[in-house]
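K.L.:
Dropping in data_3.pdb, with PDB, C-alpha atoms.
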```pdb
ATOM      1  CA  MET A  11     -37.809 -45.288  17.668
ATOM      2  CA  ASP A  12     -35.696 -47.203  15.148
ATOM      3  CA  GLU A  13     -32.157 -48.185  16.040
ATOM      4  CA  PRO A  14     -29.612 -46.075  14.105
ATOM      5  CA  ARG A  15     -27.769 -47.724  11.241
ATOM      6  CA  TRP A  16     -24.278 -47.487  12.719
ATOM      7  CA  LEU A  17     -21.269 -47.358  10.442
ATOM      8  CA  ASP A  18     -19.319 -50.571  10.244
ATOM      9  CA  GLU A  19     -15.529 -50.535  10.568
ATOM     10  CA  ARG A  20     -14.885 -49.989   6.849
ATOM     11  CA  GLU A  21     -17.547 -47.259   6.544
ATOM     12  CA  GLY A  22     -16.242 -45.461   9.631
ATOM     13  CA  ARG A  23     -12.667 -45.648   8.386
ATOM     14  CA  ALA A  24     -13.728 -44.318   4.966
ATOM     15  CA  TRP A  25     -15.635 -41.448   6.573
ATOM     16  CA  ARG A  26     -12.730 -40.467   8.856
ATOM     17  CA  ASN A  27     -10.287 -40.640   5.941
ATOM     18  CA  PHE A  28     -12.632 -38.556   3.801
ATOM     19  CA  LEU A  29     -12.790 -35.854   6.492
ATOM     20  CA  ALA A  30      -9.020 -35.883   7.006
ATOM     21  CA  ILE A  31      -8.286 -35.783   3.278
ATOM     22  CA  GLY A  32     -10.753 -32.948   2.709
ATOM     23  CA  GLY A  33      -9.118 -30.872   5.421
ATOM     24  CA  MET A  34      -5.601 -31.595   4.206
ATOM     25  CA  LEU A  35      -6.431 -30.879   0.564
ATOM     26  CA  ASP A  36      -8.137 -27.621   1.464
ATOM     27  CA  ARG A  37      -5.139 -26.461   3.558
ATOM     28  CA  LEU A  38      -2.604 -27.412   0.883
ATOM     29  CA  VAL A  39      -4.545 -25.729  -1.918
ATOM     30  CA  GLU A  40      -5.302 -22.658   0.217
ATOM     31  CA  GLN A  41      -1.599 -22.325   1.053
ATOM     32  CA  GLN A  42      -0.646 -22.361  -2.638
ATOM     33  CA  LEU A  43      -3.333 -19.830  -3.568
ATOM     34  CA  LYS A  44      -2.393 -17.486  -0.711
ATOM     35  CA  GLU A  45       1.312 -17.637  -1.568
ATOM     36  CA  ASP A  46       0.928 -17.355  -5.341
ATOM     37  CA  ALA A  47      -2.073 -15.055  -5.677
ATOM     38  CA  GLY A  48      -3.168 -13.689  -2.300
ATOM     39  CA  LEU A  49      -6.504 -15.488  -2.690
ATOM     40  CA  THR A  50      -8.443 -17.843  -0.470
ATOM     41  CA  HIS A  51      -9.685 -21.113  -1.905
ATOM     42  CA  ALA A  52     -13.261 -19.767  -1.735
ATOM     43  CA  GLN A  53     -12.265 -16.604  -3.616
ATOM     44  CA  TYR A  54     -10.522 -18.619  -6.307
ATOM     45  CA  ALA A  55     -13.595 -20.839  -6.655
ATOM     46  CA  VAL A  56     -15.777 -17.737  -7.139
ATOM     47  CA  LEU A  57     -13.443 -16.499  -9.884
ATOM     48  CA  VAL A  58     -13.556 -19.908 -11.589
ATOM     49  CA  TRP A  59     -17.370 -20.122 -11.442
ATOM     50  CA  LEU A  60     -17.656 -16.594 -12.836
ATOM     51  CA  SER A  61     -15.198 -17.441 -15.625
ATOM     52  CA  GLU A  62     -17.393 -20.378 -16.652
ATOM     53  CA  ALA A  63     -20.561 -18.253 -16.824
ATOM     54  CA  PRO A  64     -21.550 -16.593 -20.116
ATOM     55  CA  GLY A  65     -19.778 -13.252 -20.317
ATOM     56  CA  GLY A  66     -18.076 -13.894 -16.970
ATOM     57  CA  GLU A  67     -21.125 -12.814 -15.009
ATOM     58  CA  VAL A  68     -23.939 -14.470 -13.075
ATOM     59  CA  ARG A  69     -26.597 -13.653 -10.499
ATOM     60  CA  MET A  70     -25.356 -13.899  -6.935
ATOM     61  CA  THR A  71     -28.037 -16.450  -5.970
ATOM     62  CA  GLU A  72     -26.989 -18.775  -8.807
ATOM     63  CA  LEU A  73     -23.319 -18.262  -7.965
ATOM     64  CA  ALA A  74     -23.964 -19.226  -4.325
ATOM     65  CA  GLY A  75     -25.521 -22.496  -5.473
ATOM     66  CA  ARG A  76     -22.732 -23.291  -7.901
ATOM     67  CA  ALA A  77     -19.959 -22.438  -5.458
ATOM     68  CA  VAL A  78     -21.725 -24.352  -2.639
ATOM     69  CA  ILE A  79     -21.452 -21.402  -0.281
ATOM     70  CA  SER A  80     -24.038 -19.576   1.799
ATOM     71  CA  LYS A  81     -25.422 -16.325   0.413
ATOM     72  CA  SER A  82     -23.842 -14.374   3.280
ATOM     73  CA  GLY A  83     -20.515 -16.158   2.766
ATOM     74  CA  LEU A  84     -20.643 -15.411  -0.934
ATOM     75  CA  THR A  85     -21.483 -11.761  -0.261
ATOM     76  CA  TYR A  86     -18.375 -11.521   1.931
ATOM     77  CA  GLN A  87     -16.099 -13.266  -0.607
ATOM     78  CA  VAL A  88     -17.396 -11.196  -3.524
ATOM     79  CA  GLY A  89     -16.969  -8.059  -1.413
ATOM     80  CA  GLN A  90     -13.310  -8.941  -0.843
ATOM     81  CA  LEU A  91     -12.827  -9.658  -4.542
ATOM     82  CA  GLU A  92     -14.560  -6.387  -5.386
ATOM     83  CA  LYS A  93     -12.207  -4.459  -3.056
ATOM     84  CA  ALA A  94      -9.291  -6.096  -4.883
ATOM     85  CA  GLY A  95     -10.761  -4.977  -8.231
ATOM     86  CA  LEU A  96     -11.261  -8.546  -9.460
ATOM     87  CA  VAL A  97     -15.084  -8.577  -9.453
ATOM     88  CA  ARG A  98     -17.777  -5.938  -9.778
ATOM     89  CA  ARG A  99     -21.409  -6.065  -8.747
ATOM     90  CA  ARG A 100     -24.337  -4.413 -10.440
ATOM     91  CA  SER A 101     -28.105  -4.519 -10.288
ATOM     92  CA  CYS A 102     -29.916  -7.033 -12.444
ATOM     93  CA  GLU A 103     -31.759  -5.241 -15.239
ATOM     94  CA  SER A 104     -34.637  -7.754 -15.297
ATOM     95  CA  ASP A 105     -35.110  -7.944 -11.489
ATOM     96  CA  VAL A 106     -34.354  -4.989  -9.230
ATOM     97  CA  ARG A 107     -33.838  -7.361  -6.290
ATOM     98  CA  GLY A 108     -31.179  -9.326  -8.161
ATOM     99  CA  ILE A 109     -27.459  -8.590  -8.081
ATOM    100  CA  ILE A 110     -25.053  -9.646 -10.820
ATOM    101  CA  ALA A 111     -21.421 -10.465 -10.049
ATOM    102  CA  ALA A 112     -19.015 -10.085 -12.958
ATOM    103  CA  LEU A 113     -15.317 -10.633 -13.501
ATOM    104  CA  THR A 114     -13.351  -7.490 -14.271
ATOM    105  CA  ASP A 115     -10.429  -7.444 -16.688
ATOM    106  CA  ALA A 116      -8.163  -7.645 -13.621
ATOM    107  CA  GLY A 117     -10.144 -10.682 -12.433
ATOM    108  CA  TRP A 118      -9.676 -12.446 -15.745
ATOM    109  CA  ALA A 119      -5.954 -11.626 -15.631
ATOM    110  CA  LYS A 120      -5.624 -12.881 -12.030
ATOM    111  CA  LEU A 121      -7.353 -16.120 -12.957
ATOM    112  CA  ARG A 122      -5.125 -16.660 -16.018
ATOM    113  CA  GLU A 123      -2.048 -15.921 -13.879
ATOM    114  CA  THR A 124      -3.114 -18.183 -10.992
ATOM    115  CA  ALA A 125      -4.627 -21.171 -12.827
ATOM    116  CA  PRO A 126      -1.362 -22.880 -13.937
ATOM    117  CA  GLY A 127       0.095 -23.009 -10.414
ATOM    118  CA  HIS A 128      -3.240 -24.042  -8.970
ATOM    119  CA  ALA A 129      -3.659 -26.850 -11.510
ATOM    120  CA  ALA A 130      -0.128 -28.053 -10.760
ATOM    121  CA  ARG A 131      -0.849 -28.085  -7.017
ATOM    122  CA  VAL A 132      -4.160 -29.928  -7.460
ATOM    123  CA  ARG A 133      -2.422 -32.484  -9.672
ATOM    124  CA  GLU A 134       0.371 -32.915  -7.108
ATOM    125  CA  VAL A 135      -1.822 -33.336  -4.016
ATOM    126  CA  PHE A 136      -4.953 -34.919  -5.502
ATOM    127  CA  VAL A 137      -4.600 -36.497  -8.944
ATOM    128  CA  ASP A 138      -1.092 -37.941  -8.671
ATOM    129  CA  GLY A 139      -1.843 -39.650  -5.347
ATOM    130  CA  LEU A 140      -3.558 -42.504  -7.190
ATOM    131  CA  ASP A 141      -2.724 -44.567 -10.245
ATOM    132  CA  HIS A 142      -4.823 -43.973 -13.374
ATOM    133  CA  ASP A 143      -7.396 -46.725 -12.734
ATOM    134  CA  ARG A 144      -7.915 -45.842  -9.068
ATOM    135  CA  PHE A 145      -8.282 -42.177  -9.923
ATOM    136  CA  ALA A 146     -10.814 -43.017 -12.653
ATOM    137  CA  ASN A 147     -12.813 -45.030 -10.107
ATOM    138  CA  LEU A 148     -12.595 -42.169  -7.599
ATOM    139  CA  ALA A 149     -13.739 -39.634 -10.199
ATOM    140  CA  ASP A 150     -16.697 -41.828 -11.166
ATOM    141  CA  SER A 151     -17.598 -42.433  -7.516
ATOM    142  CA  LEU A 152     -17.431 -38.728  -6.669
ATOM    143  CA  GLU A 153     -19.755 -37.948  -9.576
ATOM    144  CA  VAL A 154     -22.281 -40.498  -8.297
ATOM    145  CA  LEU A 155     -21.990 -39.173  -4.738
ATOM    146  CA  ALA A 156     -22.431 -35.566  -5.917
ATOM    147  CA  ALA A 157     -25.611 -36.546  -7.768
ATOM    148  CA  HIS A 158     -26.870 -38.342  -4.647
ATOM    149  CA  LEU A 159     -26.207 -35.285  -2.476
ATOM    150  CA  ARG A 160     -28.016 -33.006  -4.922
ATOM    151  CA  ALA A 161     -30.976 -35.405  -4.848
ATOM    152  CA  VAL A 162     -31.170 -35.302  -1.054
ATOM    153  CA  GLY A 163     -31.031 -31.505  -1.101
ATOM    154  CA  GLY A 164     -27.328 -30.832  -0.693
ATOM    155  CA  SER A 165     -26.777 -28.301  -3.466
ATOM    156  CA  SER A 166     -27.828 -27.165  -6.879
ATOM    157  CA  THR A 167     -24.338 -27.468  -8.341
ATOM    158  CA  ARG A 168     -23.892 -29.322 -11.559
ATOM    159  CA  SER A 169     -21.740 -32.418 -11.805
ATOM    160  CA  GLY A 170     -18.262 -32.182 -13.098
ATOM    161  CA  GLY A 171     -16.211 -29.075 -12.735
ATOM    162  CA  SER A 172     -13.387 -27.026 -13.971
ATOM    163  CA  ASN A 173      -9.879 -28.168 -14.558
ATOM    164  CA  SER A 174      -8.768 -24.890 -13.011
ATOM    165  CA  ASN A 175     -10.638 -25.259  -9.749
TER     166      ASN A 175
END
```
Step by step, read the file and then write its structure as structure tokens.

P.N.:
Amino acid sequence: MDEPRWLDEREGRAWRNFLAIGGMLDRLVEQQLKEDAGLTHAQYAVLVWLSEAPGGEVRMTELAGRAVISKSGLTYQVGQLEKAGLVRRRSCESDVRGIIAALTDAGWAKLRETAPGHAARVREVFVDGLDHDRFANLADSLEVLAAHLRAVGGSSTRSGGSNSN
């Protein structure tokens, strides 16, 4: 059996910082979304992905891939959004097994109402933490890493994203 390729000091430090930063960012963003809109971060992400789909609707299986969430997790989140009147589900006309999730008018309104505060919070806790050049390098590096993860089977999400997510 081959010896594992252990992380060196710099790699280990980067990995630990990445984990800590991810957790902190998620908590800070979740707090803002809960306070301002009564939404979880996952629910907001679902609304954003739906808003970027043609007509504000997409098949649940595609939405799960885009939102990088399990199908069961997505079903739960969409169910909560449906109870709140922000999303509706319907059968897919071309495939009886398929389910379409679609933003309602209330969902569009909630997203328009929530996006400015969310963008301000993301800017405060993520973008403004680095000077312009360092942030540009981070953005480029994250794009490369996302492509690498997709190639090794991490997700079917596209690169880039929304300025409101």

K.L.:
Expressed in Å to a single decimal, how great is the separation between atom CA of Asp18 of chain A and atom CA of Asp36 of chain A?

P.N.:
27.0 Å

K.L.:
Could you tell me, as a compact mmCIF listing (two decimals) with C-alpha atoms, keeping the file's coordinate frame, exactly which residues end up selected when the PyMOL selection byres ((chain A and resi 120-131) around 9) is applied to this structure?

P.N.:
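Saved to expr.txt:
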```txt
# COMPACT_ATOMS: atom_id res chain seq x y z
CA LEU A 38 -2.60 -27.41 0.88
CA VAL A 39 -4.54 -25.73 -1.92
CA GLN A 42 -0.65 -22.36 -2.64
CA LEU A 43 -3.33 -19.83 -3.57
CA ASP A 46 0.93 -17.36 -5.34
CA ALA A 47 -2.07 -15.06 -5.68
CA TYR A 54 -10.52 -18.62 -6.31
CA LEU A 57 -13.44 -16.50 -9.88
CA VAL A 58 -13.56 -19.91 -11.59
CA SER A 61 -15.20 -17.44 -15.62
CA LEU A 96 -11.26 -8.55 -9.46
CA ASP A 115 -10.43 -7.44 -16.69
CA ALA A 116 -8.16 -7.64 -13.62
CA GLY A 117 -10.14 -10.68 -12.43
CA TRP A 118 -9.68 -12.45 -15.74
CA ALA A 119 -5.95 -11.63 -15.63
CA VAL A 132 -4.16 -29.93 -7.46
CA ARG A 133 -2.42 -32.48 -9.67
CA GLU A 134 0.37 -32.92 -7.11
CA VAL A 135 -1.82 -33.34 -4.02
CA PHE A 136 -4.95 -34.92 -5.50
CA ASN A 173 -9.88 -28.17 -14.56
CA SER A 174 -8.77 -24.89 -13.01
CA ASN A 175 -10.64 -25.26 -9.75
```

K.L.:
Between A:Gly163, A:Gly89, A:Pro14, A:Gly108, which residue has the minimum interatomic distance to Gln53 of chain A, considering all atoms listed in the file?

P.N.:
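Smallest distance to Gln53 of chain A is found for A:Gly89.
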
K.L.:
Mind pulling up the distance from atom CA of Lys81 of chain A to atom CA of Glu40 of chain A?

P.N.:
21.1 Å

K.L.:
Quick one, how far is atom CA of Ala111 of chain A from atom CA of Ser80 of chain A?

P.N.:
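Separating atom CA of Ala111 of chain A from atom CA of Ser80 of chain A is a distance of 15.2 Å.
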
K.L.:
Taking all atoms listed in the file into account, name the residue in A:Leu29, A:Leu84, A:Cys102, A:Ala112 that is nearest to Ala63 of chain A.

P.N.:
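When distances to Ala63 of chain A are compared using all atoms listed in the file, the smallest one comes from A:Ala112.
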
K.L.:
Return the single residue from A:Arg160, A:His51, A:Lys93, A:Lys44 that is closest to Gly75 of chain A, with distances computed using all atoms listed in the file.

P.N.:
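Comparing A:Arg160, A:His51, A:Lys93, A:Lys44 against Gly75 of chain A, the winner is A:Arg160.
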
K.L.:
Nearest residue to Pro64 of chain A out of A:Ala30, A:Leu113, A:Val97, A:Leu35, using all atoms listed in the file?

P.N.:
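Of all the options, A:Leu113 lies closest to Pro64 of chain A.
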
K.L.:
May I ask which of the residues A:Val56, A:Leu17, A:Leu140, A:Ala161 is the closest one to Val88 of chain A, counting only C-alpha atoms?

P.N.:
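Smallest separation from Val88 of chain A among the options: A:Val56.
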
K.L.:
Please, could N, CA and C atoms be added to segment 85-101 of chain A and the result written as an mmCIF file, in the frame of the given file?

P.N.:
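rebuild25.cif written:
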```cif
data_model
loop_
_atom_site.group_PDB
_atom_site.id
_atom_site.type_symbol
_atom_site.label_atom_id
_atom_site.label_comp_id
_atom_site.auth_asym_id
_atom_site.auth_seq_id
_atom_site.Cartn_x
_atom_site.Cartn_y
_atom_site.Cartn_z
ATOM 1 N N THR A 85 -21.496 -13.224 -0.297
ATOM 2 C CA THR A 85 -21.483 -11.761 -0.261
ATOM 3 C C THR A 85 -20.148 -11.265 0.291
ATOM 4 N N TYR A 86 -19.665 -11.907 1.348
ATOM 5 C CA TYR A 86 -18.375 -11.521 1.931
ATOM 6 C C TYR A 86 -17.244 -11.749 0.931
ATOM 7 N N GLN A 87 -17.190 -12.947 0.324
ATOM 8 C CA GLN A 87 -16.099 -13.266 -0.607
ATOM 9 C C GLN A 87 -16.114 -12.330 -1.817
ATOM 10 N N VAL A 88 -17.293 -12.097 -2.373
ATOM 11 C CA VAL A 88 -17.396 -11.196 -3.524
ATOM 12 C C VAL A 88 -17.010 -9.779 -3.116
ATOM 13 N N GLY A 89 -17.371 -9.381 -1.916
ATOM 14 C CA GLY A 89 -16.969 -8.059 -1.413
ATOM 15 C C GLY A 89 -15.454 -7.921 -1.359
ATOM 16 N N GLN A 90 -14.780 -8.965 -0.889
ATOM 17 C CA GLN A 90 -13.310 -8.941 -0.843
ATOM 18 C C GLN A 90 -12.722 -8.894 -2.250
ATOM 19 N N LEU A 91 -13.298 -9.665 -3.153
ATOM 20 C CA LEU A 91 -12.827 -9.658 -4.542
ATOM 21 C C LEU A 91 -13.104 -8.314 -5.213
ATOM 22 N N GLU A 92 -14.228 -7.697 -4.840
ATOM 23 C CA GLU A 92 -14.560 -6.387 -5.386
ATOM 24 C C GLU A 92 -13.564 -5.337 -4.894
ATOM 25 N N LYS A 93 -13.209 -5.388 -3.611
ATOM 26 C CA LYS A 93 -12.207 -4.459 -3.056
ATOM 27 C C LYS A 93 -10.871 -4.612 -3.771
ATOM 28 N N ALA A 94 -10.543 -5.830 -4.176
ATOM 29 C CA ALA A 94 -9.291 -6.096 -4.883
ATOM 30 C C ALA A 94 -9.383 -5.743 -6.364
ATOM 31 N N GLY A 95 -10.580 -5.348 -6.831
ATOM 32 C CA GLY A 95 -10.761 -4.977 -8.231
ATOM 33 C C GLY A 95 -10.916 -6.158 -9.175
ATOM 34 N N LEU A 96 -11.180 -7.352 -8.627
ATOM 35 C CA LEU A 96 -11.261 -8.546 -9.460
ATOM 36 C C LEU A 96 -12.681 -8.865 -9.910
ATOM 37 N N VAL A 97 -13.665 -8.340 -9.182
ATOM 38 C CA VAL A 97 -15.084 -8.577 -9.453
ATOM 39 C C VAL A 97 -15.814 -7.258 -9.273
ATOM 40 N N ARG A 98 -16.900 -7.088 -10.003
ATOM 41 C CA ARG A 98 -17.777 -5.938 -9.778
ATOM 42 C C ARG A 98 -19.200 -6.461 -9.625
ATOM 43 N N ARG A 99 -19.994 -5.709 -8.907
ATOM 44 C CA ARG A 99 -21.409 -6.065 -8.747
ATOM 45 C C ARG A 99 -22.246 -4.960 -9.359
ATOM 46 N N ARG A 100 -23.394 -5.377 -9.889
ATOM 47 C CA ARG A 100 -24.337 -4.413 -10.440
ATOM 48 C C ARG A 100 -25.741 -4.965 -10.267
ATOM 49 N N SER A 101 -26.713 -4.092 -10.381
ATOM 50 C CA SER A 101 -28.105 -4.519 -10.288
ATOM 51 C C SER A 101 -28.491 -5.298 -11.530
#
```
